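Notes for the one structure printed next.
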Amino acid sequence: MERPAWAPEGVDMNRPSPARMYDALLGGSHNFEVDRQAAEQAKKLVPDLPRLALSNRAFLRRAVRFLVDSGVRQFLDIGSGVPTAGNVHEVAQAIDPECRVLYADIDPVAVAHARAILAGNANATAIEADLREPAELLEQARATGLIDFDQPVGVLLIAVLHLMGDDDAPIDRVNALHDAVPPGSFVAISHLTSATRPEDAAKLQNNSTHVSKIGLHFRGRDEIAALFGKWEPIEPGVVELPLWRPESDRDQHETPGRSLGLAGVGRKA
Ligand SMILES: C[S@@+](CC[C@H](N)C(=O)[O-])C[C@H]1O[C@@H](n2cnc3c(N)ncnc32)[C@H](O)[C@@H]1O
């Protein structure tokens, strides 16, 4: 298969990536045949998977608006993915054009596409970085000069921690970010859960381990709440995606009780 112009050299086009598979689920165009096949395979197991992806994006938008309303003007979006409708800079800068957004992702396709769409936006850029190496990630973030670590930061960990197994010490990474930002900062987390539909969660987890090999880790309610580490969860706590401060019916892509994702926002006191 020929490498499309948007795909950086060296990208393995024969192996699905979580970023491109998620883009395929959302109907995006920055994915390969292997990603579309992996997305279709997962949809055969759980047909309402695209609703989950939309529900997650809707939570992201609500959380960003909430953080801007709470006074946050700079965002560090880690595991930001391939840009798609309702990106963080679009949502935040629609309220205040001075909002600054730094996207970080481990996937070169996600970073290349983010840089392409951000060309000309002085208040947003993207870095290739690994959440499992928070010191290096933070050093790179400082080097961009975009984030002032003396001012509150909105740290976004949306649908990324479930790509880390317990061996990757996700709580330590979340705490390292807590320690790097000043009081008044926030973290927003969304995460795949086994709490609501354990059979569907088991099917998807098994498929991701043995078939697509993207390695998803569905976690229970208490495990996800524990991932907030030193951050203090704010109301309504860790809840199903559609139940986190819903704004309108249009925003409700999933039925409460059926969401395969939990989400919450925490604050640094
Ligand atoms: C399912 S996508 C979520 C994209 C976006 N945050 C959203 O929720 O719409 C997960 C993203 O996390 C990225 N990712 C996975 N492991 C990562 C790591 N260790 N460090 C940084 N990014 C990572 C993947 O490349 C992918 O783009």
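Letters for chains follow the order of the structure tokens (A, B, ...), residue numbers begin at 1 for each chain, and ligand numbers begin at 1 in the order shown.
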task: Would you list the residues that come within 6 Å of ligand 1? Count only C-alpha atoms and all ligand atoms and give the answer as a list in words.
output: Pro18, Ala19, Tyr22, Arg57, Ile78, Gly79, Ser80, Gly81, Asp105, Ile106, Asp107, Ala129, Asp130, Leu131, Arg132, Ile158, Ala159, Val160 and Leu163 of chain A
task: Considering only C-alpha atoms, return as a ChimeraX atom specification whatever protein or nucleic-acid residues lie within 12 Å of Ala5 (chain A), sequence-local ones (same chain, fewer than 6 positions apart) excluded.
output: /A:11,30,109,112-113,116
Find the nearest atom pair between each residue of region 112-135 of chain A and region 84-103 of chain A for residues within 8 Å, count only C-alpha atoms, give distances in Å to one decimal, sort rows by chain and ascending number, and present the table as JSON lines.
{"residue": "A:Ala114", "atom": "CA", "partner": "A:Tyr103", "partner_atom": "CA", "distance": 7.8}
{"residue": "A:Asn123", "atom": "CA", "partner": "A:Arg100", "partner_atom": "CA", "distance": 4.7}
{"residue": "A:Ala124", "atom": "CA", "partner": "A:Val101", "partner_atom": "CA", "distance": 4.6}
{"residue": "A:Thr125", "atom": "CA", "partner": "A:Leu102", "partner_atom": "CA", "distance": 5.3}
{"residue": "A:Ala126", "atom": "CA", "partner": "A:Tyr103", "partner_atom": "CA", "distance": 4.4}
{"residue": "A:Ile127", "atom": "CA", "partner": "A:Tyr103", "partner_atom": "CA", "distance": 6.3}
Could you save the residues just selected, with N, CA and C atoms, as an mmCIF file, in the first residue's frame?
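The resulting file, out-v8.cif, is reproduced below:
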data_model
loop_
_atom_site.group_PDB
_atom_site.id
_atom_site.type_symbol
_atom_site.label_atom_id
_atom_site.label_comp_id
_atom_site.auth_asym_id
_atom_site.auth_seq_id
_atom_site.Cartn_x
_atom_site.Cartn_y
_atom_site.Cartn_z
ATOM 1 N N ALA A 114 -2.008 17.235 13.522
ATOM 2 C CA ALA A 114 -2.296 18.372 14.413
ATOM 3 C C ALA A 114 -1.465 19.584 13.996
ATOM 4 N N ASN A 123 -1.430 30.277 19.132
ATOM 5 C CA ASN A 123 -1.760 29.840 20.491
ATOM 6 C C ASN A 123 -1.967 28.338 20.627
ATOM 7 N N ALA A 124 -1.532 27.573 19.632
ATOM 8 C CA ALA A 124 -1.683 26.117 19.743
ATOM 9 C C ALA A 124 -0.620 25.411 18.915
ATOM 10 N N THR A 125 -0.098 24.312 19.461
ATOM 11 C CA THR A 125 0.826 23.476 18.693
ATOM 12 C C THR A 125 0.794 22.052 19.234
ATOM 13 N N ALA A 126 1.629 21.183 18.651
ATOM 14 C CA ALA A 126 1.606 19.767 19.042
ATOM 15 C C ALA A 126 3.024 19.234 19.197
ATOM 16 N N ILE A 127 3.201 18.357 20.187
ATOM 17 C CA ILE A 127 4.499 17.699 20.376
ATOM 18 C C ILE A 127 4.300 16.179 20.383
#
task: Kindly give the distance, in Å, that separates CA of Ala201 (chain A) and CA of Glu128 (chain A), rounded to a single decimal.
output: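 If I compute the distance from CA of Ala201 (chain A) to CA of Glu128 (chain A), I get 29.6 Å.
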Counting only C-alpha atoms, which residues in region 105-216 of chain A sit no more than 10 Å from region 220-230 of chain A? For each one, give the nearest pair of atoms and the distance in Å, sorted by chain then residue number, as a tab-separated table.
residue	atom	partner	partner_atom	distance
A:Leu161	CA	A:Leu227	CA	8.6
A:His162	CA	A:Ile224	CA	9.4
A:Ala169	CA	A:Leu227	CA	9.7
A:Pro170	CA	A:Leu227	CA	7.0
A:Ile171	CA	A:Leu227	CA	5.1
A:Asp172	CA	A:Gly229	CA	7.9
A:Arg173	CA	A:Gly229	CA	9.4
A:Val174	CA	A:Gly229	CA	6.7
A:Asn175	CA	A:Gly229	CA	6.0
A:Ala176	CA	A:Lys230	CA	9.5
A:Leu177	CA	A:Lys230	CA	9.9
A:His178	CA	A:Lys230	CA	6.9
A:Asp179	CA	A:Lys230	CA	8.8
A:Val187	CA	A:Phe228	CA	8.2
A:Ala188	CA	A:Phe228	CA	9.1
A:Ile189	CA	A:Phe228	CA	8.0
A:Ser190	CA	A:Ile224	CA	8.7
A:His191	CA	A:Ile224	CA	7.2
A:Leu192	CA	A:Gly220	CA	8.8
A:Thr193	CA	A:Gly220	CA	5.6
A:Ser194	CA	A:Gly220	CA	5.4
A:Ala195	CA	A:Gly220	CA	5.1
A:Thr196	CA	A:Gly220	CA	8.8
A:Pro198	CA	A:Gly220	CA	9.4
Let's have the selection written as a compact mmCIF listing (two decimals), in the first residue's frame, with C-alpha atoms.
# COMPACT_ATOMS: atom_id res chain seq x y z
CA LEU A 161 -5.12 6.02 30.46
CA HIS A 162 -6.92 2.84 29.34
CA ALA A 169 1.99 2.99 36.53
CA PRO A 170 -0.75 5.35 35.29
CA ILE A 171 -1.38 6.79 38.79
CA ASP A 172 2.28 7.83 39.06
CA ARG A 173 2.00 9.63 35.69
CA VAL A 174 -1.18 11.40 36.77
CA ASN A 175 0.48 12.45 40.04
CA ALA A 176 3.60 13.67 38.22
CA LEU A 177 1.39 16.02 36.20
CA HIS A 178 -0.34 17.16 39.41
CA ASP A 179 3.04 18.06 40.91
CA VAL A 187 -7.37 17.35 35.24
CA ALA A 188 -10.11 15.82 33.08
CA ILE A 189 -10.06 12.05 32.65
CA SER A 190 -12.21 9.67 30.63
CA HIS A 191 -11.65 5.93 30.66
CA LEU A 192 -13.14 2.69 29.30
CA THR A 193 -14.96 0.79 32.01
CA SER A 194 -15.98 -2.77 32.77
CA ALA A 195 -18.48 -1.45 35.37
CA THR A 196 -21.54 -1.04 33.16
CA PRO A 198 -18.94 -6.36 31.72
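When only C-alpha atoms are used to compute distances to Arg61 (chain A), the closest of the residues A:Ala135, A:Leu241, A:Val211, A:Ala122 turns out to be A:Leu241.
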task: Quote the spacing between CA of Asn206 (chain A) and CA of Phe218 (chain A) in Å to one decimal place.
output: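 Distance between the two atoms: 10.2 Å.
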task: Give me the residues within 12 Å of Gly71 (chain A) as a ChimeraX atom specification, counting only C-alpha atoms and dropping any in the same chain fewer than 4 places off.
output: /A:64-67,75,92,95-96,99,151-154,184-186
field: helix (DSSP H, G or I) positions in region 7-219 of chain A, given as JSON, numbers by chain
entry: {"A": [18, 19, 20, 21, 22, 23, 24, 25, 33, 34, 35, 36, 37, 38, 39, 40, 41, 42, 43, 44, 45, 49, 50, 51, 52, 53, 54, 55, 56, 57, 58, 59, 60, 61, 62, 63, 64, 65, 66, 67, 68, 69, 88, 89, 90, 91, 92, 93, 94, 95, 108, 109, 110, 111, 112, 113, 114, 115, 116, 117, 118, 134, 135, 136, 137, 138, 139, 140, 141, 142, 143, 144, 161, 162, 163, 166, 167, 168, 170, 171, 172, 173, 174, 175, 176, 177, 178, 179, 180, 198, 199, 200, 201, 202, 203, 204, 205, 206, 207, 208, 209, 210]}
Atoms to include: C-alpha atoms. Write the selected residues as a compact mmCIF listing (two decimals), in the first residue's frame.
# COMPACT_ATOMS: atom_id res chain seq x y z
CA PRO A 18 -5.26 3.39 18.68
CA ALA A 19 -5.16 6.96 17.32
CA ARG A 20 -6.01 5.97 13.73
CA MET A 21 -8.53 3.29 14.75
CA TYR A 22 -10.38 5.85 16.89
CA ASP A 23 -10.26 8.27 13.93
CA ALA A 24 -11.84 5.53 11.78
CA LEU A 25 -14.58 5.00 14.39
CA GLU A 33 -7.07 0.00 5.73
CA VAL A 34 -5.70 -1.96 8.68
CA ASP A 35 -7.21 0.60 11.11
CA ARG A 36 -10.60 0.53 9.36
CA GLN A 37 -10.61 -3.28 9.48
CA ALA A 38 -9.77 -3.23 13.20
CA ALA A 39 -12.55 -0.70 13.82
CA GLU A 40 -15.05 -2.82 11.84
CA GLN A 41 -14.01 -5.94 13.76
CA ALA A 42 -14.56 -4.16 17.10
CA LYS A 43 -17.94 -2.82 15.85
CA LYS A 44 -19.05 -6.38 15.03
CA LEU A 45 -18.50 -7.22 18.70
CA LEU A 49 -18.98 1.67 19.63
CA PRO A 50 -19.18 4.82 17.43
CA ARG A 51 -21.69 6.26 19.93
CA LEU A 52 -19.15 5.74 22.69
CA ALA A 53 -16.54 7.65 20.67
CA LEU A 54 -19.02 10.52 20.08
CA SER A 55 -20.02 10.50 23.75
CA ASN A 56 -16.36 10.76 24.73
CA ARG A 57 -15.83 13.74 22.38
CA ALA A 58 -18.94 15.38 23.85
CA PHE A 59 -17.50 14.96 27.38
CA LEU A 60 -14.23 16.51 26.17
CA ARG A 61 -16.08 19.58 24.86
CA ARG A 62 -18.12 20.00 28.06
CA ALA A 63 -15.03 19.59 30.25
CA VAL A 64 -13.07 22.19 28.25
CA ARG A 65 -15.94 24.69 28.42
CA PHE A 66 -16.25 24.05 32.16
CA LEU A 67 -12.53 24.66 32.65
CA VAL A 68 -12.57 27.90 30.65
CA ASP A 69 -15.58 29.01 32.72
CA VAL A 88 -9.76 21.58 22.27
CA HIS A 89 -8.39 24.79 20.71
CA GLU A 90 -11.61 25.30 18.76
CA VAL A 91 -13.80 24.85 21.84
CA ALA A 92 -11.60 26.95 24.16
CA GLN A 93 -10.70 29.69 21.68
CA ALA A 94 -14.38 30.09 20.70
CA ILE A 95 -14.89 31.35 24.27
CA PRO A 108 3.38 10.48 14.69
CA VAL A 109 0.31 10.59 12.42
CA ALA A 110 -1.71 12.35 15.14
CA VAL A 111 1.09 14.88 15.73
CA ALA A 112 1.75 15.54 12.02
CA HIS A 113 -1.94 16.16 11.34
CA ALA A 114 -2.30 18.37 14.41
CA ARG A 115 0.69 20.50 13.32
CA ALA A 116 -0.77 20.80 9.82
CA ILE A 117 -4.13 22.10 10.99
CA LEU A 118 -2.54 24.37 13.62
CA PRO A 134 6.25 12.57 32.14
CA ALA A 135 9.53 14.35 32.96
CA GLU A 136 10.52 14.41 29.29
CA LEU A 137 6.99 15.31 28.23
CA LEU A 138 6.97 18.26 30.65
CA GLU A 139 10.43 19.37 29.50
CA GLN A 140 9.23 19.39 25.89
CA ALA A 141 6.08 21.24 26.95
CA ARG A 142 8.17 23.92 28.71
CA ALA A 143 10.43 24.22 25.66
CA THR A 144 7.48 25.24 23.47
CA LEU A 161 -5.12 6.02 30.46
CA HIS A 162 -6.92 2.84 29.34
CA LEU A 163 -4.08 2.35 26.86
CA ASP A 166 -0.93 -1.26 35.56
CA ASP A 167 2.74 -1.96 34.75
CA ASP A 168 2.87 1.49 33.12
CA PRO A 170 -0.75 5.35 35.29
CA ILE A 171 -1.38 6.79 38.79
CA ASP A 172 2.28 7.83 39.06
CA ARG A 173 2.00 9.63 35.69
CA VAL A 174 -1.18 11.40 36.77
CA ASN A 175 0.48 12.45 40.04
CA ALA A 176 3.60 13.67 38.22
CA LEU A 177 1.39 16.02 36.20
CA HIS A 178 -0.34 17.16 39.41
CA ASP A 179 3.04 18.06 40.91
CA ALA A 180 4.09 20.04 37.82
CA PRO A 198 -18.94 -6.36 31.72
CA GLU A 199 -19.60 -8.82 28.88
CA ASP A 200 -19.08 -6.23 26.13
CA ALA A 201 -16.04 -4.86 27.96
CA ALA A 202 -14.54 -8.37 28.15
CA LYS A 203 -15.17 -8.93 24.41
CA LEU A 204 -13.46 -5.67 23.45
CA GLN A 205 -10.59 -6.14 25.85
CA ASN A 206 -9.98 -9.67 24.60
CA ASN A 207 -10.13 -8.51 20.97
CA SER A 208 -7.68 -5.71 21.66
CA THR A 209 -5.24 -8.13 23.32
CA HIS A 210 -5.39 -10.95 20.79
query: CA of Val265 (chain A) and CA of Gly215 (chain A) are how many Å apart?
result: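 We find that CA of Val265 (chain A) and CA of Gly215 (chain A) lie 24.7 Å from each other.
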query: Which parts of region 25-155 of chain A does DSSP call strand (DSSP E or B) when run on the backbone here, written out as a PyMOL selection string?
result: chain A and resi 74-78+100-105+124-128+154-155
Next, the residues of the selection above should be written as a PDB file, in the first residue's frame with N, CA and C atoms.
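See selection.pdb below for the written result:
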ATOM      1  N   GLN A  74      -5.124  27.826  29.665  1.00  0.00           N
ATOM      2  CA  GLN A  74      -4.123  27.024  28.956  1.00  0.00           C
ATOM      3  C   GLN A  74      -4.347  25.539  29.219  1.00  0.00           C
ATOM      4  N   PHE A  75      -4.160  24.771  28.160  1.00  0.00           N
ATOM      5  CA  PHE A  75      -4.493  23.346  28.195  1.00  0.00           C
ATOM      6  C   PHE A  75      -3.326  22.498  27.704  1.00  0.00           C
ATOM      7  N   LEU A  76      -3.123  21.391  28.409  1.00  0.00           N
ATOM      8  CA  LEU A  76      -2.148  20.396  27.987  1.00  0.00           C
ATOM      9  C   LEU A  76      -2.948  19.121  27.731  1.00  0.00           C
ATOM     10  N   ASP A  77      -3.160  18.816  26.444  1.00  0.00           N
ATOM     11  CA  ASP A  77      -4.028  17.702  26.051  1.00  0.00           C
ATOM     12  C   ASP A  77      -3.136  16.518  25.680  1.00  0.00           C
ATOM     13  N   ILE A  78      -3.058  15.529  26.557  1.00  0.00           N
ATOM     14  CA  ILE A  78      -2.115  14.411  26.367  1.00  0.00           C
ATOM     15  C   ILE A  78      -2.864  13.173  25.873  1.00  0.00           C
ATOM     16  N   ARG A 100      -4.555  29.006  25.220  1.00  0.00           N
ATOM     17  CA  ARG A 100      -3.418  28.334  24.597  1.00  0.00           C
ATOM     18  C   ARG A 100      -3.570  26.815  24.789  1.00  0.00           C
ATOM     19  N   VAL A 101      -3.242  26.082  23.738  1.00  0.00           N
ATOM     20  CA  VAL A 101      -3.427  24.630  23.785  1.00  0.00           C
ATOM     21  C   VAL A 101      -2.182  23.924  23.259  1.00  0.00           C
ATOM     22  N   LEU A 102      -1.645  23.030  24.081  1.00  0.00           N
ATOM     23  CA  LEU A 102      -0.542  22.199  23.628  1.00  0.00           C
ATOM     24  C   LEU A 102      -1.041  20.753  23.554  1.00  0.00           C
ATOM     25  N   TYR A 103      -1.007  20.212  22.344  1.00  0.00           N
ATOM     26  CA  TYR A 103      -1.398  18.822  22.136  1.00  0.00           C
ATOM     27  C   TYR A 103      -0.153  17.938  22.234  1.00  0.00           C
ATOM     28  N   ALA A 104      -0.313  16.769  22.856  1.00  0.00           N
ATOM     29  CA  ALA A 104       0.798  15.826  22.939  1.00  0.00           C
ATOM     30  C   ALA A 104       0.275  14.431  22.638  1.00  0.00           C
ATOM     31  N   ASP A 105       0.996  13.720  21.779  1.00  0.00           N
ATOM     32  CA  ASP A 105       0.581  12.351  21.467  1.00  0.00           C
ATOM     33  C   ASP A 105       1.811  11.541  21.110  1.00  0.00           C
ATOM     34  N   ALA A 124      -1.532  27.573  19.632  1.00  0.00           N
ATOM     35  CA  ALA A 124      -1.683  26.117  19.743  1.00  0.00           C
ATOM     36  C   ALA A 124      -0.620  25.411  18.915  1.00  0.00           C
ATOM     37  N   THR A 125      -0.098  24.312  19.461  1.00  0.00           N
ATOM     38  CA  THR A 125       0.826  23.476  18.693  1.00  0.00           C
ATOM     39  C   THR A 125       0.794  22.052  19.234  1.00  0.00           C
ATOM     40  N   ALA A 126       1.629  21.183  18.651  1.00  0.00           N
ATOM     41  CA  ALA A 126       1.606  19.767  19.042  1.00  0.00           C
ATOM     42  C   ALA A 126       3.024  19.234  19.197  1.00  0.00           C
ATOM     43  N   ILE A 127       3.201  18.357  20.187  1.00  0.00           N
ATOM     44  CA  ILE A 127       4.499  17.699  20.376  1.00  0.00           C
ATOM     45  C   ILE A 127       4.300  16.179  20.383  1.00  0.00           C
ATOM     46  N   GLU A 128       5.337  15.472  19.938  1.00  0.00           N
ATOM     47  CA  GLU A 128       5.302  14.013  20.017  1.00  0.00           C
ATOM     48  C   GLU A 128       5.931  13.637  21.349  1.00  0.00           C
ATOM     49  N   GLY A 154      -5.112  23.289  32.463  1.00  0.00           N
ATOM     50  CA  GLY A 154      -6.124  22.246  32.307  1.00  0.00           C
ATOM     51  C   GLY A 154      -5.433  21.048  31.652  1.00  0.00           C
ATOM     52  N   VAL A 155      -5.215  20.006  32.440  1.00  0.00           N
ATOM     53  CA  VAL A 155      -4.557  18.800  31.921  1.00  0.00           C
ATOM     54  C   VAL A 155      -5.647  17.854  31.439  1.00  0.00           C
TER      55      VAL A 155
END
